[in-house]
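K.L.:
Data: structure.txt, compact mmCIF, C-alpha atoms (C1' of nucleotides).
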```txt
# COMPACT_ATOMS: atom_id res chain seq x y z
CA MET A 180 99.20 237.93 -57.48
CA VAL A 181 98.48 234.49 -56.24
CA VAL A 182 96.21 234.63 -53.22
CA ARG A 183 96.89 232.27 -50.37
CA ARG A 184 93.62 232.86 -48.62
CA ASP A 185 90.94 232.53 -51.26
CA LYS A 186 87.40 231.87 -50.08
CA GLU A 187 86.06 230.73 -53.43
CA ALA A 188 88.99 228.42 -54.13
CA THR A 189 88.73 226.88 -50.68
CA ARG A 190 84.98 226.44 -51.06
CA ALA A 191 85.56 224.71 -54.38
CA ARG A 192 88.20 222.41 -52.88
CA LEU A 193 85.82 221.48 -50.08
CA LEU A 194 83.06 220.70 -52.56
CA ASP A 195 85.38 218.58 -54.66
CA ALA A 196 86.60 216.63 -51.64
CA ALA A 197 83.03 216.23 -50.41
CA ARG A 198 81.87 214.83 -53.75
CA ARG A 199 84.59 212.19 -53.69
CA ARG A 200 84.01 211.23 -50.08
CA PHE A 201 80.23 211.07 -50.38
CA ALA A 202 80.53 209.00 -53.57
CA GLU A 203 82.99 206.61 -51.98
CA HIS A 204 81.63 206.22 -48.45
CA GLY A 205 78.13 207.65 -48.46
CA TYR A 206 76.73 210.34 -46.20
CA ALA A 207 77.03 208.55 -42.87
CA GLY A 208 80.45 207.14 -43.72
CA THR A 209 81.89 210.56 -44.49
CA SER A 210 83.11 212.78 -41.67
CA VAL A 211 83.36 216.52 -41.93
CA ARG A 212 86.89 216.29 -40.59
CA ALA A 213 87.91 213.94 -43.39
CA VAL A 214 86.52 216.24 -46.08
CA ALA A 215 88.24 219.25 -44.56
CA GLY A 216 91.44 217.25 -44.27
CA ASP A 217 91.32 216.36 -47.97
CA ALA A 218 90.89 220.04 -48.75
CA GLY A 219 93.78 220.93 -46.45
CA VAL A 220 91.64 223.05 -44.19
CA ASP A 221 90.14 222.98 -40.70
CA ALA A 222 86.77 221.30 -40.26
CA ALA A 223 85.22 224.40 -38.75
CA LEU A 224 85.34 226.06 -42.15
CA VAL A 225 82.77 223.60 -43.45
CA PHE A 226 80.25 224.97 -40.98
CA ARG A 227 81.17 228.54 -41.81
CA TYR A 228 80.65 227.98 -45.50
CA PHE A 229 77.84 225.43 -45.63
CA GLY A 230 76.13 225.69 -42.26
CA SER A 231 76.08 221.97 -41.52
CA LYS A 232 77.14 218.60 -42.87
CA ASP A 233 73.75 218.43 -44.53
CA GLY A 234 74.35 221.77 -46.21
CA LEU A 235 77.64 220.50 -47.53
CA PHE A 236 75.91 217.42 -48.92
CA VAL A 237 73.24 219.46 -50.63
CA ALA A 238 75.81 221.82 -52.13
CA ALA A 239 78.02 218.95 -53.25
CA THR A 240 75.22 217.07 -54.98
CA ALA A 241 73.41 220.06 -56.45
CA ASP A 242 72.55 219.72 -60.11
CA GLU A 243 73.88 222.82 -61.75
CA ASP A 244 71.57 222.65 -64.75
CA PRO A 245 68.47 220.48 -64.43
CA GLU A 246 66.97 221.79 -67.65
CA ARG A 247 69.68 220.41 -69.86
CA LEU A 248 67.82 217.19 -70.64
CA ARG A 249 64.49 218.66 -71.63
CA GLY A 250 62.92 218.39 -75.04
CA LEU A 251 65.24 215.75 -76.43
CA PRO A 252 64.22 212.78 -78.56
CA PRO A 253 64.54 209.57 -76.52
CA GLU A 254 67.67 208.30 -78.24
CA GLU A 255 69.59 211.47 -77.61
CA PHE A 256 68.15 211.71 -74.11
CA ALA A 257 69.53 208.29 -73.23
CA GLU A 258 72.88 209.10 -74.74
CA ARG A 259 73.25 212.31 -72.75
CA LEU A 260 72.06 210.71 -69.55
CA LEU A 261 74.58 207.96 -70.10
CA SER A 262 77.42 210.42 -70.47
CA MET A 263 76.29 212.26 -67.34
CA PHE A 264 75.77 209.24 -65.10
CA ALA A 265 78.05 206.53 -66.45
CA TYR A 266 80.91 208.71 -67.66
CA PRO A 267 80.91 211.61 -65.20
CA PRO A 268 83.70 214.17 -65.19
CA GLU A 269 86.78 213.04 -63.21
CA GLY A 270 85.80 211.33 -60.00
CA ALA A 271 82.55 213.18 -59.32
CA ARG A 272 80.23 210.15 -59.50
CA PRO A 273 76.95 211.82 -58.60
CA VAL A 274 75.02 208.56 -58.85
CA ALA A 275 77.29 206.89 -56.33
CA ALA A 276 77.03 209.80 -53.92
CA LEU A 277 73.24 209.81 -54.08
CA LEU A 278 72.74 206.05 -53.97
CA ARG A 279 75.09 205.62 -51.06
CA SER A 280 73.47 208.35 -49.00
CA GLY A 281 70.08 206.72 -48.91
CA GLY A 282 67.30 207.20 -46.40
CA ARG A 283 69.34 209.98 -44.94
CA ALA A 284 68.78 213.68 -45.12
CA ALA A 285 67.93 215.32 -48.42
CA GLY A 286 69.46 212.32 -50.16
CA GLU A 287 66.27 210.54 -51.12
CA ALA A 288 64.60 213.62 -52.52
CA ARG A 289 67.68 214.68 -54.47
CA LEU A 290 68.01 211.20 -55.89
CA GLN A 291 64.48 211.22 -57.10
CA ALA A 292 64.92 214.69 -58.58
CA ALA A 293 68.17 213.80 -60.33
CA VAL A 294 66.76 210.62 -61.77
CA CYS A 295 63.13 211.43 -62.38
CA GLY A 296 63.40 215.16 -63.04
CA PRO A 297 60.82 216.99 -65.13
CA TYR A 298 62.45 215.71 -68.29
CA LEU A 299 61.01 212.26 -67.64
CA ASP A 300 57.53 213.45 -68.56
CA ASP A 301 59.00 215.06 -71.64
CA VAL A 302 60.50 211.81 -72.78
CA ALA A 303 57.34 209.88 -72.00
CA GLY A 304 55.47 212.36 -74.18
CA THR A 305 57.60 211.55 -77.19
CA LEU A 306 57.06 207.79 -76.88
CA ASP A 307 54.31 206.22 -79.01
CA GLY A 308 52.38 203.16 -77.96
CA GLU A 309 51.62 201.68 -74.60
CA ASP A 310 52.99 202.60 -71.17
CA PRO A 311 55.06 205.58 -72.23
CA GLU A 312 55.79 206.63 -68.65
CA LEU A 313 56.97 203.18 -67.70
CA ARG A 314 59.14 202.90 -70.77
CA ALA A 315 60.66 206.30 -70.04
CA GLU A 316 61.58 205.08 -66.58
CA LEU A 317 63.03 201.94 -68.07
CA LEU A 318 65.31 204.08 -70.19
CA VAL A 319 66.56 205.69 -67.01
CA ALA A 320 66.87 202.27 -65.38
CA TRP A 321 69.10 201.13 -68.21
CA VAL A 322 71.40 204.11 -67.84
CA LEU A 323 71.42 203.78 -64.07
CA GLY A 324 72.32 200.11 -64.30
CA VAL A 325 75.28 200.83 -66.55
CA ALA A 326 76.36 203.64 -64.22
CA VAL A 327 76.16 201.35 -61.20
CA MET A 328 78.11 198.59 -62.89
CA ARG A 329 80.77 201.10 -63.91
CA GLY A 330 81.01 203.18 -60.77
CA LEU A 331 79.92 201.04 -57.87
CA VAL A 332 80.70 197.43 -58.66
CA PRO A 333 84.46 196.96 -58.54
CA GLY A 334 86.38 195.13 -61.23
CA THR A 335 83.81 194.96 -63.98
CA LEU A 336 84.73 194.80 -67.62
CA LEU A 337 82.16 197.52 -68.17
CA GLY A 338 84.16 199.77 -65.89
CA ARG A 339 87.01 199.60 -68.37
CA THR A 340 84.89 199.95 -71.49
CA ASP A 341 85.05 203.22 -73.36
CA PRO A 342 81.87 205.04 -74.37
CA ASP A 343 82.16 204.20 -78.05
CA ALA A 344 82.33 200.46 -77.46
CA LEU A 345 79.31 200.70 -75.22
CA ALA A 346 77.30 202.99 -77.50
CA ARG A 347 76.51 200.28 -80.02
CA TYR A 348 74.83 198.02 -77.48
CA SER A 349 73.21 200.89 -75.69
CA ARG A 350 71.58 201.99 -78.91
CA ALA A 351 70.16 198.50 -79.37
CA VAL A 352 68.66 198.53 -75.87
CA VAL A 353 67.24 202.02 -76.29
CA ARG A 354 65.72 201.00 -79.59
CA ALA A 355 64.09 198.00 -77.90
CA LEU A 356 62.46 200.30 -75.37
CA VAL A 357 61.50 203.06 -77.77
CA ASP A 358 59.98 200.79 -80.42
CA GLU A 359 56.93 198.83 -79.50
CA PRO A 360 57.86 195.33 -78.48
CA GLU A 361 56.86 193.18 -81.40
CA GLY A 362 54.78 190.01 -81.31
CA ASP A 363 52.75 189.76 -78.11
CA ALA A 364 51.30 193.26 -77.95
CA ARG A 365 48.03 193.09 -76.01
CA ARG A 366 45.63 195.38 -77.81
CA GLY A 367 45.48 198.88 -76.42
CA SER A 368 43.59 201.64 -78.28
CA PRO A 369 41.87 200.45 -81.48
CA MET B 204 55.91 174.55 -25.42
CA VAL B 205 56.72 177.97 -26.68
CA VAL B 206 60.26 178.96 -25.84
CA ARG B 207 60.90 182.43 -24.57
CA ARG B 208 64.64 182.31 -24.85
CA ASP B 209 65.42 180.84 -28.24
CA LYS B 210 68.88 181.42 -29.64
CA GLU B 211 68.05 180.53 -33.20
CA ALA B 212 64.91 182.64 -33.29
CA THR B 213 66.75 185.61 -31.80
CA ARG B 214 69.57 185.20 -34.28
CA ALA B 215 67.06 185.16 -37.10
CA ARG B 216 65.34 188.29 -35.79
CA LEU B 217 68.69 190.06 -35.59
CA LEU B 218 69.52 189.08 -39.16
CA ASP B 219 66.15 190.25 -40.40
CA ALA B 220 66.48 193.59 -38.63
CA ALA B 221 70.04 193.96 -39.90
CA ARG B 222 69.00 193.32 -43.49
CA ARG B 223 66.40 196.06 -43.29
CA ARG B 224 68.68 198.59 -41.61
CA PHE B 225 71.62 197.94 -43.92
CA ALA B 226 69.37 198.19 -46.96
CA GLU B 227 67.83 201.43 -45.74
CA HIS B 228 70.79 203.27 -44.23
CA GLY B 229 73.91 201.45 -45.40
CA TYR B 230 76.68 200.04 -43.28
CA ALA B 231 77.94 203.24 -41.70
CA GLY B 232 74.43 204.57 -41.16
CA THR B 233 73.34 201.50 -39.25
CA SER B 234 74.19 201.16 -35.58
CA VAL B 235 74.39 197.88 -33.77
CA ARG B 236 72.17 199.31 -31.06
CA ALA B 237 69.46 200.13 -33.60
CA VAL B 238 69.49 196.62 -35.04
CA ALA B 239 69.34 195.08 -31.62
CA GLY B 240 66.54 197.46 -30.68
CA ASP B 241 64.51 196.38 -33.72
CA ALA B 242 64.99 192.80 -32.67
CA GLY B 243 63.97 193.63 -29.10
CA VAL B 244 67.28 192.56 -27.67
CA ASP B 245 70.39 194.07 -26.12
CA ALA B 246 73.19 195.16 -28.44
CA ALA B 247 75.73 192.96 -26.73
CA LEU B 248 74.03 189.90 -28.18
CA VAL B 249 75.11 190.96 -31.65
CA PHE B 250 78.72 190.52 -30.61
CA ARG B 251 78.01 187.23 -28.92
CA TYR B 252 76.38 185.83 -32.04
CA PHE B 253 78.27 187.50 -34.87
CA GLY B 254 81.55 188.64 -33.35
CA SER B 255 81.44 192.18 -34.69
CA LYS B 256 79.35 194.59 -36.71
CA ASP B 257 81.23 193.39 -39.75
CA GLY B 258 80.33 189.81 -38.97
CA LEU B 259 76.70 190.81 -38.72
CA PHE B 260 76.91 192.49 -42.11
CA VAL B 261 78.51 189.47 -43.71
CA ALA B 262 75.93 187.14 -42.21
CA ALA B 263 73.07 189.43 -43.22
CA THR B 264 74.18 189.74 -46.82
CA ALA B 265 75.34 186.17 -47.32
CA ASP B 266 74.06 184.53 -50.45
CA GLU B 267 72.55 181.27 -49.37
CA ASP B 268 72.84 179.61 -52.78
CA PRO B 269 75.29 181.15 -55.25
CA GLU B 270 75.04 178.23 -57.66
CA ARG B 271 71.41 178.77 -58.43
CA LEU B 272 72.07 180.84 -61.53
CA ARG B 273 74.53 178.59 -63.26
CA GLY B 274 74.01 176.94 -66.60
CA LEU B 275 70.93 178.89 -67.62
CA PRO B 276 70.20 180.25 -71.09
CA PRO B 277 70.54 184.06 -71.07
CA GLU B 278 66.81 184.79 -71.22
CA GLU B 279 66.03 182.67 -68.22
CA PHE B 280 69.13 183.93 -66.43
CA ALA B 281 67.93 187.52 -66.77
CA GLU B 282 64.46 186.60 -65.62
CA ARG B 283 65.68 184.86 -62.49
CA LEU B 284 68.16 187.60 -61.68
CA LEU B 285 65.35 190.09 -62.06
CA SER B 286 63.14 188.25 -59.62
CA MET B 287 66.02 188.01 -57.14
CA PHE B 288 67.20 191.61 -57.34
CA ALA B 289 64.18 193.63 -58.37
CA TYR B 290 61.48 191.61 -56.62
CA PRO B 291 63.21 190.34 -53.51
CA PRO B 292 61.27 188.56 -50.77
CA GLU B 293 59.62 190.95 -48.30
CA GLY B 294 61.86 193.88 -47.46
CA ALA B 295 65.21 192.13 -47.79
CA ARG B 296 66.61 194.26 -50.64
CA PRO B 297 70.06 192.74 -50.93
CA VAL B 298 71.03 195.09 -53.73
CA ALA B 299 70.25 198.12 -51.62
CA ALA B 300 72.22 196.79 -48.67
CA LEU B 301 75.27 196.11 -50.78
CA LEU B 302 75.16 199.28 -52.83
CA ARG B 303 74.71 201.45 -49.80
CA SER B 304 77.57 199.88 -47.89
CA GLY B 305 80.22 200.82 -50.39
CA GLY B 306 83.93 201.21 -49.91
CA ARG B 307 83.46 199.76 -46.50
CA ALA B 308 84.44 196.41 -45.12
CA ALA B 309 83.55 193.28 -47.00
CA GLY B 310 80.88 195.25 -48.86
CA GLU B 311 82.74 195.83 -52.08
CA ALA B 312 83.86 192.24 -52.41
CA ARG B 313 80.42 190.86 -51.62
CA LEU B 314 78.86 193.22 -54.12
CA GLN B 315 81.15 192.04 -56.84
CA ALA B 316 80.53 188.43 -55.92
CA ALA B 317 76.77 188.83 -55.86
CA VAL B 318 76.68 190.65 -59.16
CA CYS B 319 79.52 189.11 -61.11
CA GLY B 320 79.52 185.64 -59.59
CA PRO B 321 80.78 182.62 -61.51
CA TYR B 322 77.56 182.48 -63.45
CA LEU B 323 78.61 185.52 -65.46
CA ASP B 324 81.19 183.49 -67.38
CA ASP B 325 78.56 180.84 -67.93
CA VAL B 326 76.23 183.32 -69.52
CA ALA B 327 78.98 184.87 -71.59
CA GLY B 328 79.77 181.40 -72.90
CA THR B 329 76.26 180.95 -74.25
CA LEU B 330 76.30 184.24 -76.16
CA ASP B 331 77.19 184.14 -79.84
CA GLY B 332 78.88 186.98 -81.65
CA GLU B 333 81.09 189.78 -80.45
CA ASP B 334 81.94 190.87 -76.91
CA PRO B 335 80.09 188.10 -75.09
CA GLU B 336 81.58 189.05 -71.69
CA LEU B 337 80.57 192.67 -72.11
CA ARG B 338 77.06 191.77 -73.20
CA ALA B 339 76.72 189.41 -70.23
CA GLU B 340 77.61 192.30 -67.94
CA LEU B 341 75.13 194.49 -69.73
CA LEU B 342 72.41 191.97 -68.95
CA VAL B 343 73.32 192.33 -65.30
CA ALA B 344 73.41 196.11 -65.68
CA TRP B 345 69.86 196.07 -66.99
CA VAL B 346 68.60 194.02 -64.05
CA LEU B 347 70.55 196.14 -61.60
CA GLY B 348 69.12 199.32 -63.07
CA VAL B 349 65.57 198.06 -62.70
CA ALA B 350 66.34 196.95 -59.13
CA VAL B 351 67.75 200.36 -58.27
CA MET B 352 64.79 202.21 -59.75
CA ARG B 353 62.46 199.96 -57.82
CA GLY B 354 64.21 199.72 -54.52
CA LEU B 355 66.34 202.82 -54.12
CA VAL B 356 64.71 205.66 -56.01
CA PRO B 357 61.57 206.69 -54.17
CA GLY B 358 58.29 207.26 -55.90
CA THR B 359 58.92 205.66 -59.23
CA LEU B 360 56.21 204.16 -61.36
CA LEU B 361 58.47 201.17 -61.78
CA GLY B 362 58.37 200.65 -58.04
CA ARG B 363 54.63 200.03 -58.35
CA THR B 364 54.80 197.88 -61.46
CA ASP B 365 54.20 194.19 -61.09
CA PRO B 366 56.58 191.64 -62.56
CA ASP B 367 54.25 190.61 -65.37
CA ALA B 368 53.85 194.12 -66.72
CA LEU B 369 57.59 194.57 -66.65
CA ALA B 370 58.42 191.19 -68.17
CA ARG B 371 57.29 192.16 -71.65
CA TYR B 372 59.70 195.09 -71.87
CA SER B 373 62.46 193.24 -70.10
CA ARG B 374 62.25 190.48 -72.67
CA ALA B 375 62.66 193.06 -75.43
CA VAL B 376 65.78 194.49 -73.80
CA VAL B 377 67.26 191.07 -73.14
CA ARG B 378 66.61 190.11 -76.74
CA ALA B 379 68.40 193.26 -77.90
CA LEU B 380 71.46 192.27 -75.89
CA VAL B 381 71.40 188.58 -76.74
CA ASP B 382 70.89 189.00 -80.47
CA GLU B 383 73.62 190.65 -82.43
CA PRO B 384 72.85 194.33 -82.90
CA GLU B 385 71.80 194.60 -86.50
CA GLY B 386 73.08 197.08 -89.07
CA ASP B 387 76.41 198.53 -88.06
CA ALA B 388 78.25 195.40 -87.01
CA ARG B 389 81.95 196.01 -87.56
CA ARG B 390 83.30 192.77 -89.05
CA GLY B 391 84.69 190.32 -86.52
CA SER B 392 85.36 186.73 -87.59
CA PRO B 393 84.59 186.04 -91.25
C1' DT C 92 63.00 171.38 -5.93
C1' DC C 93 67.04 173.02 -7.18
C1' DG C 94 71.20 173.87 -9.39
C1' DA C 95 73.79 174.27 -13.76
C1' DC C 96 74.13 176.25 -18.03
C1' DA C 97 72.82 179.07 -21.58
C1' DA C 98 70.32 183.38 -23.03
C1' DG C 99 70.13 187.86 -22.28
C1' DT C 100 71.28 192.45 -19.72
C1' DC C 101 74.06 196.18 -17.75
C1' DA C 102 77.49 199.63 -17.14
C1' DA C 103 81.35 201.25 -18.82
C1' DC C 104 85.55 202.20 -21.94
C1' DG C 105 87.93 204.97 -25.46
C1' DA C 106 87.59 206.84 -29.78
C1' DG C 107 85.33 209.61 -33.04
C1' DT C 108 81.16 212.49 -34.35
C1' DG C 109 78.78 217.21 -35.61
C1' DA C 110 78.80 221.55 -33.96
C1' DT C 111 80.16 226.16 -31.53
C1' DG C 112 82.54 230.23 -30.29
C1' DA C 113 86.62 232.47 -29.08
C1' DC C 114 90.91 233.00 -30.97
C1' DT C 115 94.93 234.03 -34.51
C1' DT C 116 96.80 235.60 -38.77
C1' DA C 117 97.24 236.95 -43.61
C1' DG C 118 96.37 240.47 -46.97
C1' DC C 119 94.64 244.69 -48.61
C1' DG C 120 93.57 249.85 -48.58
C1' DT C 121 95.07 253.89 -46.85
C1' DA D 266 103.71 251.23 -41.63
C1' DC D 267 99.67 249.93 -39.73
C1' DG D 268 95.30 248.56 -38.48
C1' DC D 269 90.85 246.52 -40.12
C1' DT D 270 88.46 242.73 -41.91
C1' DA D 271 87.84 238.39 -43.53
C1' DA D 272 90.01 233.65 -43.81
C1' DG D 273 91.34 230.13 -41.19
C1' DT D 274 92.50 227.66 -36.55
C1' DC D 275 91.94 225.77 -31.88
C1' DA D 276 89.95 223.87 -27.86
C1' DT D 277 86.04 222.08 -26.41
C1' DC D 278 81.17 220.35 -25.66
C1' DA D 279 77.66 216.83 -25.63
C1' DC D 280 76.77 212.79 -27.78
C1' DT D 281 76.95 208.28 -30.21
C1' DC D 282 79.64 204.65 -31.82
C1' DG D 283 81.62 199.63 -31.51
C1' DT D 284 83.13 196.66 -28.17
C1' DT D 285 84.00 194.30 -23.65
C1' DG D 286 83.47 191.66 -19.42
C1' DA D 287 80.96 191.02 -15.43
C1' DC D 288 76.48 190.41 -14.12
C1' DT D 289 71.35 188.53 -13.88
C1' DT D 290 67.64 185.54 -15.12
C1' DG D 291 65.03 182.09 -17.43
C1' DT D 292 64.64 177.00 -18.54
C1' DC D 293 65.24 172.25 -18.34
C1' DG D 294 67.08 167.79 -16.56
C1' DA D 295 67.99 165.19 -12.44
```
Just give me the structure of the file as structure tokens.
P.N.:
Amino acid sequence: MVVRRDKEATRARLLDAARRRFAEHGYAGTSVRAVAGDAGVDAALVFRYFGSKDGLFVAATADEDPERLRGLPPEEFAERLLSMFAYPPEGARPVAALLRSGGRAAGEARLQAAVCGPYLDDVAGTLDGEDPELRAELLVAWVLGVAVMRGLVPGTLLGRTDPDALARYSRAVVRALVDEPEGDARRGSP
Amino acid sequence: MVVRRDKEATRARLLDAARRRFAEHGYAGTSVRAVAGDAGVDAALVFRYFGSKDGLFVAATADEDPERLRGLPPEEFAERLLSMFAYPPEGARPVAALLRSGGRAAGEARLQAAVCGPYLDDVAGTLDGEDPELRAELLVAWVLGVAVMRGLVPGTLLGRTDPDALARYSRAVVRALVDEPEGDARRGSP
DNA sequence: TCGACAAGTCAACGAGTGATGACTTAGCGT
DNA sequence: ACGCTAAGTCATCACTCGTTGACTTGTCGA
């Protein structure tokens, strides 16, 4: 019994279309009509289901499981973050959606939450040596940079590079941030 | 003799306002009226001076000297790119403007040009070992990631970190990408 | 002093926006 | 078979957008 009018399925199609549109054109560049059109549905349904364009954005960029990165050693943390941000599942591109929706609406706050969630302190806690918080953020910066080069800058070689080929170099970078930089360490605690 | 009606000065004020708006709200989120308002001028002047909103965007994000990064050794290349992208002069934020104007107009092409300009091949040429092109792009990814954390993600520690404090860790990362990753190198040329 | 020219303003256009509420229709239980 | 309810549509509002062409006003040379 295939249902032609299925609220949940329609909701899911709207969310999927919204994720693509927001990732591609940002919040301001995406019209509710366009999203509804992609989902094969009238625009008024968006307001029925999500209340407003803002509600749609929040629902489309919600992180379904923000705890998933907690308590990991830094190497594994970086690897998982890389697979989430740089190799997202089929056209979702959460980083693109959040970066391109800046200033606007809940965008800024969601971006900060997605990128600097509570796990950041966790990771900083596992780092020995100086500036653990800064180095934890630099790990995120590295992943974010790769994600941006892959998902937002058109025509990069990195965009066509598979995860395995990247992993080797990523491990080297992560190691450089996790280990104390050798040589010119200004003395910290005795 | 202070001039009240000064074309060049007005043009410059429009460009400055446009750079800020585009960086903050992206192309679609920026209205010509808002830019003109910031500059204290009527919106029609934008079309007189730049032809269209697109023309304004192109003028505002134009790279005044794209040759400035050519022929540098990778370490110095990364350092200069970092000072351009992550520590831009007073509220210009070219990376933000380009990233937030995606899909749209000349944005994509300009982004690619700014990030993967001709200097990328130069840098790749100076890298020994495997995958020089990929590693050159990874250098850019690193800089881009730091720029995004500083300029687009609100409330980061990195956003409050001065260039000198960052330089030490950046050098470590750049070294990791420039030197061959040790250990698990799959054999390339004998 | 005054007029010409450039710098800047004004009012308006058509198209598209988010949003609303009344409407239609498909599908299920009875 | 039929009506009730929820799923989906339609027409429309008030507003903002980019863009245009006619208009006004400041400034400088003659």
K.L.:
A:Cys295, A:Val302, A:Leu251, A:Ala215: which is nearest chain B, counting all atoms listed in the file?
P.N.:
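Distance minimum relative to chain B lands on A:Cys295.
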K.L.:
May I ask which of the residues B:Gly258, B:Gly305, B:Pro297, B:Pro292 is the closest one to A:Val327, counting only C-alpha atoms?
P.N.:
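Looking only at the distances to A:Val327, the closest residue turns out to be B:Gly305.
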K.L.:
Give one line per residue of chain C that approaches chain A to at most 10 Å, naming the two atoms of the closest pair and their distance in Å to one decimal, counting all atoms listed in the file; sort by chain then ascending residue number and deliver it as JSON lines.
P.N.:
```
{"residue": "C:DG107", "atom": "C1'", "partner": "A:Ser210", "partner_atom": "CA", "distance": 9.5}
{"residue": "C:DT108", "atom": "C1'", "partner": "A:Ser210", "partner_atom": "CA", "distance": 7.6}
{"residue": "C:DG109", "atom": "C1'", "partner": "A:Lys232", "partner_atom": "CA", "distance": 7.6}
{"residue": "C:DA110", "atom": "C1'", "partner": "A:Phe226", "partner_atom": "CA", "distance": 7.9}
{"residue": "C:DT111", "atom": "C1'", "partner": "A:Ala223", "partner_atom": "CA", "distance": 9.0}
{"residue": "C:DA117", "atom": "C1'", "partner": "A:Arg184", "partner_atom": "CA", "distance": 7.4}
{"residue": "C:DG118", "atom": "C1'", "partner": "A:Arg184", "partner_atom": "CA", "distance": 8.3}
```
K.L.:
Hey, can you spit out that residue selection with C-alpha atoms (C1' of nucleotides) as a CSV table (one decimal), keeping the file's coordinate frame?
P.N.:
```csv
chain,number,residue,atom,x,y,z
C,107,DG,C1',85.3,209.6,-33.0
C,108,DT,C1',81.2,212.5,-34.4
C,109,DG,C1',78.8,217.2,-35.6
C,110,DA,C1',78.8,221.6,-34.0
C,111,DT,C1',80.2,226.2,-31.5
C,117,DA,C1',97.2,237.0,-43.6
C,118,DG,C1',96.4,240.5,-47.0
```
K.L.:
Skip A:Gly216 itself and residues of its chain fewer than 5 positions away, then list as a ChimeraX atom specification all residues within 12 Å of it, counting only C-alpha atoms (C1' of nucleotides).
P.N.:
/A:189,192-193,196-197,200,209-211,221-225
K.L.:
What residues in chain A lie within 9 Å of chain B, counting only C-alpha atoms, written as a ChimeraX atom specification?
P.N.:
/A:202-209,275,278-283,287-288,290-291,294-295,312-314,316-317,319-328,331-337,340,345,347-356,359-361,363-364
K.L.:
Using only C-alpha atoms (C1' of nucleotides), which chain D residues lie at most 10 Å away from chain B, written as JSON, numbers by chain?
P.N.:
{"D": [281, 282, 283, 284, 285, 291, 292]}
K.L.:
So how many Å separate atom C1' of C:DA98 and atom CA of B:Arg223, to one decimal?
P.N.:
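These atoms are spaced 24.2 Å apart.
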